[in-house]
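structure.txt follows (compact mmCIF, N, CA and C atoms):
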```
# COMPACT_ATOMS: atom_id res chain seq x y z
N MET P 280 108.65 93.57 100.67
CA MET P 280 108.85 92.25 101.21
C MET P 280 108.21 91.24 100.24
N PRO P 281 108.98 90.30 99.74
CA PRO P 281 108.41 89.32 98.80
C PRO P 281 107.48 88.34 99.50
N LYS P 282 106.57 87.79 98.72
CA LYS P 282 105.64 86.78 99.22
C LYS P 282 105.83 85.51 98.41
N TRP P 283 105.46 84.39 99.00
CA TRP P 283 105.57 83.07 98.39
C TRP P 283 104.39 82.93 97.44
N CYS P 284 104.62 83.06 96.14
CA CYS P 284 103.56 83.10 95.14
C CYS P 284 103.82 82.08 94.03
N LEU P 285 102.76 81.68 93.36
CA LEU P 285 102.86 80.75 92.25
C LEU P 285 103.19 81.49 90.97
N ASN P 286 104.25 81.06 90.30
CA ASN P 286 104.60 81.56 88.97
C ASN P 286 103.92 80.61 87.99
N TYR P 287 102.90 81.10 87.30
CA TYR P 287 102.14 80.24 86.39
C TYR P 287 102.99 79.72 85.23
N ASP P 288 103.96 80.52 84.78
CA ASP P 288 104.80 80.09 83.66
C ASP P 288 105.68 78.90 84.02
N SER P 289 106.29 78.93 85.21
CA SER P 289 107.17 77.83 85.61
C SER P 289 106.41 76.72 86.32
N GLY P 290 105.23 77.06 86.87
CA GLY P 290 104.45 76.09 87.63
C GLY P 290 105.00 75.86 89.03
N GLU P 291 105.89 76.75 89.48
CA GLU P 291 106.52 76.61 90.79
C GLU P 291 106.23 77.84 91.65
N TYR P 292 106.29 77.63 92.97
CA TYR P 292 106.18 78.75 93.89
C TYR P 292 107.54 79.41 94.02
N GLU P 293 107.52 80.75 94.09
CA GLU P 293 108.75 81.53 94.18
C GLU P 293 108.49 82.72 95.09
N TRP P 294 109.57 83.32 95.59
CA TRP P 294 109.47 84.56 96.34
C TRP P 294 109.38 85.68 95.32
N ILE P 295 108.22 86.36 95.27
CA ILE P 295 107.97 87.38 94.26
C ILE P 295 107.57 88.69 94.95
N GLU P 296 108.21 89.77 94.54
CA GLU P 296 107.89 91.10 95.05
C GLU P 296 106.57 91.57 94.46
N LYS P 297 105.99 92.61 95.04
CA LYS P 297 104.71 93.14 94.58
C LYS P 297 104.78 93.62 93.13
N ASP P 298 105.96 94.10 92.70
CA ASP P 298 106.10 94.58 91.32
C ASP P 298 106.37 93.47 90.31
N GLY P 299 106.41 92.20 90.77
CA GLY P 299 106.60 91.07 89.88
C GLY P 299 108.03 90.57 89.78
N PHE P 300 108.94 91.12 90.58
CA PHE P 300 110.33 90.66 90.54
C PHE P 300 110.48 89.38 91.37
N SER P 301 110.97 88.33 90.75
CA SER P 301 111.19 87.06 91.42
C SER P 301 112.59 87.03 92.02
N SER P 302 112.68 86.94 93.34
CA SER P 302 113.98 86.85 94.01
C SER P 302 114.67 85.54 93.66
N ASP P 303 113.90 84.49 93.42
CA ASP P 303 114.48 83.19 93.10
C ASP P 303 115.11 83.18 91.72
N ARG P 304 114.48 83.82 90.76
CA ARG P 304 114.96 83.82 89.38
C ARG P 304 115.88 85.00 89.07
N GLY P 305 115.74 86.07 89.86
CA GLY P 305 116.53 87.26 89.61
C GLY P 305 116.03 88.03 88.39
N GLU P 306 114.74 87.89 88.09
CA GLU P 306 114.15 88.59 86.95
C GLU P 306 112.67 88.81 87.21
N TYR P 307 112.07 89.65 86.37
CA TYR P 307 110.64 89.90 86.50
C TYR P 307 109.86 88.76 85.88
N VAL P 308 108.75 88.42 86.52
CA VAL P 308 107.82 87.42 85.98
C VAL P 308 106.51 88.15 85.69
N TYR P 309 105.80 87.69 84.68
CA TYR P 309 104.61 88.41 84.25
C TYR P 309 103.33 87.64 84.44
N ASN P 310 103.42 86.37 84.66
CA ASN P 310 102.23 85.54 84.80
C ASN P 310 102.31 84.82 86.15
N TRP P 311 101.87 85.53 87.20
CA TRP P 311 101.99 84.98 88.55
C TRP P 311 100.76 85.33 89.37
N ASP P 312 100.53 84.59 90.43
CA ASP P 312 99.37 84.77 91.30
C ASP P 312 99.65 85.88 92.31
N ASP P 313 99.04 87.03 92.11
CA ASP P 313 99.26 88.17 93.00
C ASP P 313 98.13 88.33 94.02
N SER P 314 97.37 87.28 94.26
CA SER P 314 96.20 87.38 95.15
C SER P 314 96.58 87.76 96.58
N GLU P 315 97.75 87.34 97.05
CA GLU P 315 98.17 87.71 98.41
C GLU P 315 98.36 89.22 98.52
N TYR P 316 98.94 89.82 97.49
CA TYR P 316 99.13 91.27 97.50
C TYR P 316 97.80 92.00 97.37
N ARG P 317 96.90 91.52 96.52
CA ARG P 317 95.59 92.14 96.36
C ARG P 317 94.80 92.06 97.66
N ARG P 318 94.85 90.90 98.33
CA ARG P 318 94.14 90.73 99.60
C ARG P 318 94.69 91.71 100.65
N GLU P 319 96.01 91.85 100.68
CA GLU P 319 96.63 92.77 101.63
C GLU P 319 96.19 94.21 101.34
N ASP P 320 96.15 94.60 100.06
CA ASP P 320 95.71 95.95 99.69
C ASP P 320 94.26 96.18 100.10
N GLU P 321 93.40 95.19 99.89
CA GLU P 321 92.00 95.32 100.26
C GLU P 321 91.83 95.48 101.76
N GLU P 322 92.62 94.73 102.53
CA GLU P 322 92.56 94.85 103.99
C GLU P 322 93.01 96.23 104.43
N ASN P 323 94.06 96.75 103.81
CA ASN P 323 94.55 98.08 104.16
C ASN P 323 93.52 99.15 103.82
N CYS P 324 92.86 99.02 102.68
CA CYS P 324 91.83 99.98 102.28
C CYS P 324 90.64 99.93 103.21
N SER P 325 90.20 98.73 103.57
CA SER P 325 89.04 98.62 104.45
C SER P 325 89.37 99.19 105.83
N THR P 326 90.60 99.05 106.27
CA THR P 326 91.01 99.63 107.56
C THR P 326 90.96 101.15 107.49
N LEU P 327 91.39 101.71 106.37
CA LEU P 327 91.33 103.17 106.21
C LEU P 327 89.90 103.66 106.25
N TRP P 328 89.00 102.97 105.56
CA TRP P 328 87.60 103.38 105.56
C TRP P 328 86.99 103.24 106.94
N ASP P 329 87.32 102.17 107.65
CA ASP P 329 86.78 101.97 109.00
C ASP P 329 87.25 103.06 109.94
N ASP P 330 88.50 103.50 109.80
CA ASP P 330 89.03 104.55 110.66
C ASP P 330 88.32 105.88 110.42
N ASP P 331 87.93 106.14 109.17
CA ASP P 331 87.26 107.40 108.85
C ASP P 331 85.86 107.48 109.46
N ASN P 332 85.24 106.35 109.68
CA ASN P 332 83.86 106.34 110.21
C ASN P 332 83.79 106.42 111.72
N ASP P 333 84.90 106.36 112.40
CA ASP P 333 84.89 106.40 113.88
C ASP P 333 84.73 107.81 114.41
```
Here is the file; what I need is its structure written in the form of structure tokens.
Amino acid sequence: MPKWCLNYDSGEYEWIEKDGFSSDRGEYVYNWDDSEYRREDEENCSTLWDDDND
């Protein structure tokens, strides 16, 4: 599922997949803000660790 992310090269927000594919441009972008995906991964990891301690 793509997220609304900033493409640093174009200076515009675009729908970008986790692997860097921009749905708006129809091509891969290499310089974009992936913080939403990193935050989601961190939340998923912390949930896994919390479940193991119960």
Padding of 5 Å on every side, edges along x, y and z, all listed atoms of segment 315-324 of chain P included: what centre and edge lengths in Å, to one decimal, does that box have, as JSON?
```
{"center_x": 94.9, "center_y": 93.7, "center_z": 100.4, "size_x": 18.5, "size_y": 22.6, "size_z": 18.1}
```
**OP:** Would you work out the distance separating atom C of Lys297 of chain P from atom CA of Tyr316 of chain P, expressed in Å to one decimal?
**Re:**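 Those two atoms sit 7.5 Å apart.
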Original post:
Met280 of chain P: which residues within 10 Å, counting only C-alpha atoms, same-chain residues fewer than 4 positions away excluded, as a list in words?
Top reply: Trp294, Ile295, Glu296 and Lys297 of chain P
Subject >> Within 5 Å of segment 282-286 of chain P using only N, CA and C atoms, minus same-chain residues under 4 positions, as number ranges by chain >> reply: P: 290-296, 310-312
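We find atom CA of Arg304 of chain P and atom CA of Tyr287 of chain P to be spaced 13.6 Å apart.
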Subject >> d(atom CA of Glu306 of chain P, atom N of Asn323 of chain P) in Å >> reply: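 Atom-to-atom, atom CA of Glu306 of chain P to atom N of Asn323 of chain P, that is 27.5 Å.
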Subject >> chain P: residues DSSP assigns to strand (DSSP E or B), reported as a count of residues only >> reply: 15
**OP:** Would you please extract all helix (DSSP H, G or I) residues from chain P, as assigned by DSSP on the backbone, and give them as a VMD selection string?
**Re:** chain P and resid 314 to 331
Kindly save the residues from that selection, with N, CA and C atoms included, as a compact mmCIF listing (two decimals), in the coordinates of the input.
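Result file result.txt:
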```
# COMPACT_ATOMS: atom_id res chain seq x y z
N SER P 314 97.37 87.28 94.26
CA SER P 314 96.20 87.38 95.15
C SER P 314 96.58 87.76 96.58
N GLU P 315 97.75 87.34 97.05
CA GLU P 315 98.17 87.71 98.41
C GLU P 315 98.36 89.22 98.52
N TYR P 316 98.94 89.82 97.49
CA TYR P 316 99.13 91.27 97.50
C TYR P 316 97.80 92.00 97.37
N ARG P 317 96.90 91.52 96.52
CA ARG P 317 95.59 92.14 96.36
C ARG P 317 94.80 92.06 97.66
N ARG P 318 94.85 90.90 98.33
CA ARG P 318 94.14 90.73 99.60
C ARG P 318 94.69 91.71 100.65
N GLU P 319 96.01 91.85 100.68
CA GLU P 319 96.63 92.77 101.63
C GLU P 319 96.19 94.21 101.34
N ASP P 320 96.15 94.60 100.06
CA ASP P 320 95.71 95.95 99.69
C ASP P 320 94.26 96.18 100.10
N GLU P 321 93.40 95.19 99.89
CA GLU P 321 92.00 95.32 100.26
C GLU P 321 91.83 95.48 101.76
N GLU P 322 92.62 94.73 102.53
CA GLU P 322 92.56 94.85 103.99
C GLU P 322 93.01 96.23 104.43
N ASN P 323 94.06 96.75 103.81
CA ASN P 323 94.55 98.08 104.16
C ASN P 323 93.52 99.15 103.82
N CYS P 324 92.86 99.02 102.68
CA CYS P 324 91.83 99.98 102.28
C CYS P 324 90.64 99.93 103.21
N SER P 325 90.20 98.73 103.57
CA SER P 325 89.04 98.62 104.45
C SER P 325 89.37 99.19 105.83
N THR P 326 90.60 99.05 106.27
CA THR P 326 91.01 99.63 107.56
C THR P 326 90.96 101.15 107.49
N LEU P 327 91.39 101.71 106.37
CA LEU P 327 91.33 103.17 106.21
C LEU P 327 89.90 103.66 106.25
N TRP P 328 89.00 102.97 105.56
CA TRP P 328 87.60 103.38 105.56
C TRP P 328 86.99 103.24 106.94
N ASP P 329 87.32 102.17 107.65
CA ASP P 329 86.78 101.97 109.00
C ASP P 329 87.25 103.06 109.94
N ASP P 330 88.50 103.50 109.80
CA ASP P 330 89.03 104.55 110.66
C ASP P 330 88.32 105.88 110.42
N ASP P 331 87.93 106.14 109.17
CA ASP P 331 87.26 107.40 108.85
C ASP P 331 85.86 107.48 109.46
```
